[in-house]
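See below for target_0.pdb, which holds PDB, C-alpha atoms.
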```pdb
ATOM      1  CA  MET S 138     -27.015   3.539 -58.209
ATOM      2  CA  LYS S 139     -25.224   3.618 -54.936
ATOM      3  CA  ARG S 140     -22.025   5.456 -54.871
ATOM      4  CA  LEU S 141     -19.232   3.437 -53.315
ATOM      5  CA  LEU S 142     -16.576   5.016 -51.107
ATOM      6  CA  PRO S 143     -13.299   5.559 -52.832
ATOM      7  CA  ARG S 144     -10.820   2.820 -52.057
ATOM      8  CA  ARG S 145      -8.527   5.190 -50.143
ATOM      9  CA  GLN S 146     -11.226   6.267 -47.624
ATOM     10  CA  SER S 147     -12.299   2.696 -46.871
ATOM     11  CA  SER S 148      -8.716   1.552 -46.256
ATOM     12  CA  GLN S 149      -8.165   4.503 -43.887
ATOM     13  CA  SER S 150     -11.314   3.534 -41.974
ATOM     14  CA  ILE S 151     -10.098  -0.043 -41.678
ATOM     15  CA  LEU S 152      -6.688   1.154 -40.444
ATOM     16  CA  LYS S 153      -8.361   3.323 -37.782
ATOM     17  CA  VAL S 154     -10.429   0.376 -36.541
ATOM     18  CA  LEU S 155      -7.356  -1.883 -36.457
ATOM     19  CA  LEU S 156      -5.368   0.756 -34.584
ATOM     20  CA  ALA S 157      -8.171   1.155 -32.034
ATOM     21  CA  LEU S 158      -8.293  -2.642 -31.554
ATOM     22  CA  ALA S 159      -4.520  -2.779 -31.067
ATOM     23  CA  VAL S 160      -4.615  -0.021 -28.448
ATOM     24  CA  LEU S 161      -7.507  -1.700 -26.602
ATOM     25  CA  SER S 162      -5.649  -5.029 -26.660
ATOM     26  CA  ILE S 163      -2.528  -3.455 -25.153
ATOM     27  CA  LEU S 164      -4.566  -1.732 -22.431
ATOM     28  CA  THR S 165      -6.388  -4.969 -21.625
ATOM     29  CA  VAL S 166      -3.130  -6.916 -21.310
ATOM     30  CA  ALA S 167      -1.648  -4.178 -19.106
ATOM     31  CA  GLY S 168      -4.743  -4.211 -16.877
ATOM     32  CA  ILE S 169      -4.693  -7.987 -16.494
ATOM     33  CA  SER S 170      -0.977  -7.885 -15.717
ATOM     34  CA  ALA S 171      -1.478  -5.212 -13.035
ATOM     35  CA  ALA S 172      -4.337  -7.152 -11.440
ATOM     36  CA  THR S 173      -2.210 -10.301 -11.373
ATOM     37  CA  SER S 174       0.658  -8.379  -9.769
ATOM     38  CA  ILE S 175      -1.625  -6.979  -7.048
ATOM     39  CA  ALA S 176      -3.117 -10.410  -6.363
ATOM     40  CA  HIS S 177       0.394 -11.871  -6.160
ATOM     41  CA  GLU S 178       1.470  -9.224  -3.629
ATOM     42  CA  GLN S 179      -1.606  -9.875  -1.515
ATOM     43  CA  GLY S 180      -0.870 -13.597  -1.492
ATOM     44  CA  GLN S 181       2.755 -13.133  -0.484
ATOM     45  CA  SER S 182       4.239 -14.480   2.708
ATOM     46  CA  ALA S 183       4.650 -12.369   5.826
ATOM     47  CA  MET S 184       7.135  -9.518   5.779
ATOM     48  CA  TRP S 185       8.987  -7.654   8.514
ATOM     49  CA  LEU S 186       8.846  -3.879   8.953
ATOM     50  CA  THR S 187      10.783  -1.833  11.489
ATOM     51  CA  GLY S 188       9.479   1.607  12.407
ATOM     52  CA  VAL S 189       7.747   3.829  14.947
ATOM     53  CA  VAL S 190       4.136   3.154  15.976
ATOM     54  CA  SER S 191       2.193   6.283  15.092
ATOM     55  CA  ASP S 192      -1.280   7.134  13.795
ATOM     56  CA  THR S 193      -2.841   7.763  10.413
ATOM     57  CA  ARG S 194      -3.707  11.367  11.206
ATOM     58  CA  CYS S 195      -0.270  12.677  12.228
ATOM     59  CA  GLY S 196       1.960  10.210  10.419
ATOM     60  CA  SER S 197       5.539  10.369  11.580
ATOM     61  CA  THR S 198       5.839  14.003  12.677
ATOM     62  CA  HIS S 199       2.813  14.762  14.919
ATOM     63  CA  GLY S 200       2.935  18.347  13.652
ATOM     64  CA  THR S 201       6.016  19.038  15.758
ATOM     65  CA  LYS S 202       8.629  17.115  13.774
ATOM     66  CA  VAL S 203       9.071  14.857  16.815
ATOM     67  CA  HIS S 204       9.087  11.129  16.120
ATOM     68  CA  GLY S 205       7.489   8.812  18.631
ATOM     69  CA  ASP S 206       4.952  10.987  20.462
ATOM     70  CA  ALA S 207       3.024   8.307  22.391
ATOM     71  CA  GLY S 208       0.479  10.709  23.893
ATOM     72  CA  CYS S 209      -0.398  12.244  20.528
ATOM     73  CA  THR S 210      -0.679   8.814  18.902
ATOM     74  CA  ARG S 211      -3.061   7.497  21.571
ATOM     75  CA  LEU S 212      -5.185  10.671  21.489
ATOM     76  CA  CYS S 213      -5.481  10.621  17.680
ATOM     77  CA  VAL S 214      -6.494   6.949  17.738
ATOM     78  CA  LYS S 215      -9.056   7.687  20.460
ATOM     79  CA  LEU S 216     -10.453  10.437  18.207
ATOM     80  CA  GLY S 217     -10.848   8.045  15.260
ATOM     81  CA  ALA S 218      -7.489   7.707  13.521
ATOM     82  CA  GLY S 219      -5.967   4.293  12.967
ATOM     83  CA  TYR S 220      -2.587   2.993  14.044
ATOM     84  CA  ALA S 221       0.229   3.360  11.548
ATOM     85  CA  LEU S 222       3.881   2.449  11.263
ATOM     86  CA  ALA S 223       6.295   5.191  10.213
ATOM     87  CA  VAL S 224       9.160   3.601   8.274
ATOM     88  CA  GLY S 225      11.335   6.488   7.190
ATOM     89  CA  GLN S 226       9.072   8.718   5.103
ATOM     90  CA  LYS S 227       6.603   5.888   4.317
ATOM     91  CA  ILE S 228       3.499   5.397   6.468
ATOM     92  CA  TYR S 229       1.848   1.953   6.640
ATOM     93  CA  VAL S 230      -1.708   1.664   7.982
ATOM     94  CA  LEU S 231      -1.815  -1.190  10.504
ATOM     95  CA  ARG S 232      -4.818  -3.532  10.850
ATOM     96  CA  GLY S 233      -5.170  -5.787  13.889
ATOM     97  CA  HIS S 234      -3.396  -6.161  17.262
ATOM     98  CA  GLN S 235      -4.780  -2.818  18.506
ATOM     99  CA  GLY S 236      -3.948  -3.559  22.167
ATOM    100  CA  GLU S 237      -0.300  -4.269  21.396
ATOM    101  CA  LEU S 238      -0.038  -1.248  19.131
ATOM    102  CA  ASN S 239      -1.506   0.924  21.898
ATOM    103  CA  ALA S 240       1.098  -0.410  24.343
ATOM    104  CA  PHE S 241       3.914   0.372  21.868
ATOM    105  CA  ALA S 242       2.579   3.795  20.756
ATOM    106  CA  GLY S 243       5.521   6.070  20.021
ATOM    107  CA  ASP S 244       8.064   3.232  20.273
ATOM    108  CA  MET S 245      10.287   1.616  17.667
ATOM    109  CA  VAL S 246       8.932  -1.847  16.895
ATOM    110  CA  VAL S 247       9.260  -4.759  14.511
ATOM    111  CA  VAL S 248       5.928  -5.611  12.861
ATOM    112  CA  ARG S 249       5.344  -8.897  11.099
ATOM    113  CA  GLY S 250       2.429  -8.912   8.679
ATOM    114  CA  LYS S 251       1.095  -9.239   5.173
ATOM    115  CA  ILE S 252       0.532  -6.432   2.698
ATOM    116  CA  VAL S 253      -3.211  -5.917   2.124
ATOM    117  CA  ASN S 254      -2.706  -3.149  -0.423
ATOM    118  CA  HIS S 255       0.075  -0.696  -1.265
ATOM    119  CA  ASN S 256       0.088   0.966   2.172
ATOM    120  CA  THR S 257      -1.908  -1.299   4.518
ATOM    121  CA  VAL S 258      -0.491  -4.198   6.548
ATOM    122  CA  ALA S 259      -2.492  -6.935   8.275
ATOM    123  CA  VAL S 260      -0.494  -7.275  11.498
ATOM    124  CA  GLU S 261       0.436 -10.768  12.658
ATOM    125  CA  SER S 262       2.776  -9.768  15.505
ATOM    126  CA  VAL S 263       4.384  -6.722  17.109
ATOM    127  CA  ALA S 264       7.623  -6.799  19.089
ATOM    128  CA  PRO S 265       9.802  -4.082  20.581
ATOM    129  CA  TYR S 266      12.782  -3.164  18.435
ATOM    130  CA  THR S 267      16.061  -4.421  19.823
ATOM    131  CA  VAL S 268      19.311  -5.476  18.255
ATOM    132  CA  LEU S 269      18.229  -9.068  18.891
ATOM    133  CA  ALA S 270      14.922  -8.452  17.089
ATOM    134  CA  THR S 271      16.834  -7.717  13.905
ATOM    135  CA  LEU S 272      19.043 -10.795  14.269
ATOM    136  CA  PHE S 273      16.380 -13.310  15.284
ATOM    137  CA  LYS S 274      13.113 -12.506  13.527
ATOM    138  CA  TYR S 275      10.424 -13.559  16.020
TER
END
```
Would you kindly transcribe this structure into structure tokens?
Amino acid sequence: MKRLLPRRQSSQSILKVLLALAVLSILTVAGISAATSIAHEQGQSAMWLTGVVSDTRCGSTHGTKVHGDAGCTRLCVKLGAGYALAVGQKIYVLRGHQGELNAFAGDMVVVRGKIVNHNTVAVESVAPYTVLATLFKY
């Protein structure tokens, strides 16, 4: 005759399976929620950012703690870095409008664009920062 598992062991096995299913369900819901949030951010309308045009290699300091080094920015981009916008301590990688970004290298600008991911912006327009730029968004 086959020996059956004691009732206590089989109920513990069932509880372990149910617990594993509950954990997997929670993780799945969290993953779907995060993906929806990212897709929502990517579909958002244009936003405005004010900062200094820099590059992805040096960020905001250029190794000398000097903001707005146009020469360093242009050289780094020529050597393969991308343009970036330094907004306080945050650095946004900028995609598009390379000619305008080159002209404004090292300057404070207002960038209009859409978030592509958490730190990349698809640039729609670039304008020099002025008091009027903050009052009348281009």
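With distances restricted to all atoms listed in the file, S:Lys227 is the closest residue to Asn256 (chain S) from S:His234, S:Arg211, S:Lys227, S:Arg194.
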- Task: List the residues selected by the PyMOL selection byres ((chain S and resi 190) around 6) in the file shown, writing them as a ChimeraX atom specification.
- Result: /S:189,191,221-222,242-244
Please list as an mmCIF file with C-alpha atoms, in the coordinates of the input every residue within 6 Å of Gly188 (chain S), counting only C-alpha atoms and excluding residues in the same chain fewer than 3 positions away.
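Produced file selection.cif, reproduced below:
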```cif
data_model
loop_
_atom_site.group_PDB
_atom_site.id
_atom_site.type_symbol
_atom_site.label_atom_id
_atom_site.label_comp_id
_atom_site.auth_asym_id
_atom_site.auth_seq_id
_atom_site.Cartn_x
_atom_site.Cartn_y
_atom_site.Cartn_z
ATOM 1 C CA LEU S 222 3.881 2.449 11.263
ATOM 2 C CA ALA S 223 6.295 5.191 10.213
ATOM 3 C CA VAL S 224 9.160 3.601 8.274
ATOM 4 C CA MET S 245 10.287 1.616 17.667
ATOM 5 C CA VAL S 246 8.932 -1.847 16.895
#
```
- Atomic distance CA of Ser262 (chain S) - CA of Thr210 (chain S), expressed in Å with one decimal: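 It comes out at 19.2 Å.
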- Query: If you measure from CA of Gly219 (chain S) to CA of Ser182 (chain S), what distance in Å do you get, rounded to one decimal?
  - Reply: 23.7 Å
- Message: Between CA of Glu261 (chain S) and CA of Val214 (chain S), what is the distance in Å, rounded to a tenth?
- Response: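 These atoms are spaced 19.7 Å apart.
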- Item | Output of the PyMOL selection byres ((chain S and resi 264) around 9), listed as a PyMOL selection string | chain S and resi 237+241+245-249+262-263+265-267+270+275
- Item | Output of the PyMOL selection byres ((chain S and resi 259) around 6), listed as an MDAnalysis selection string | chainID S and resid 232 250:251 258 260
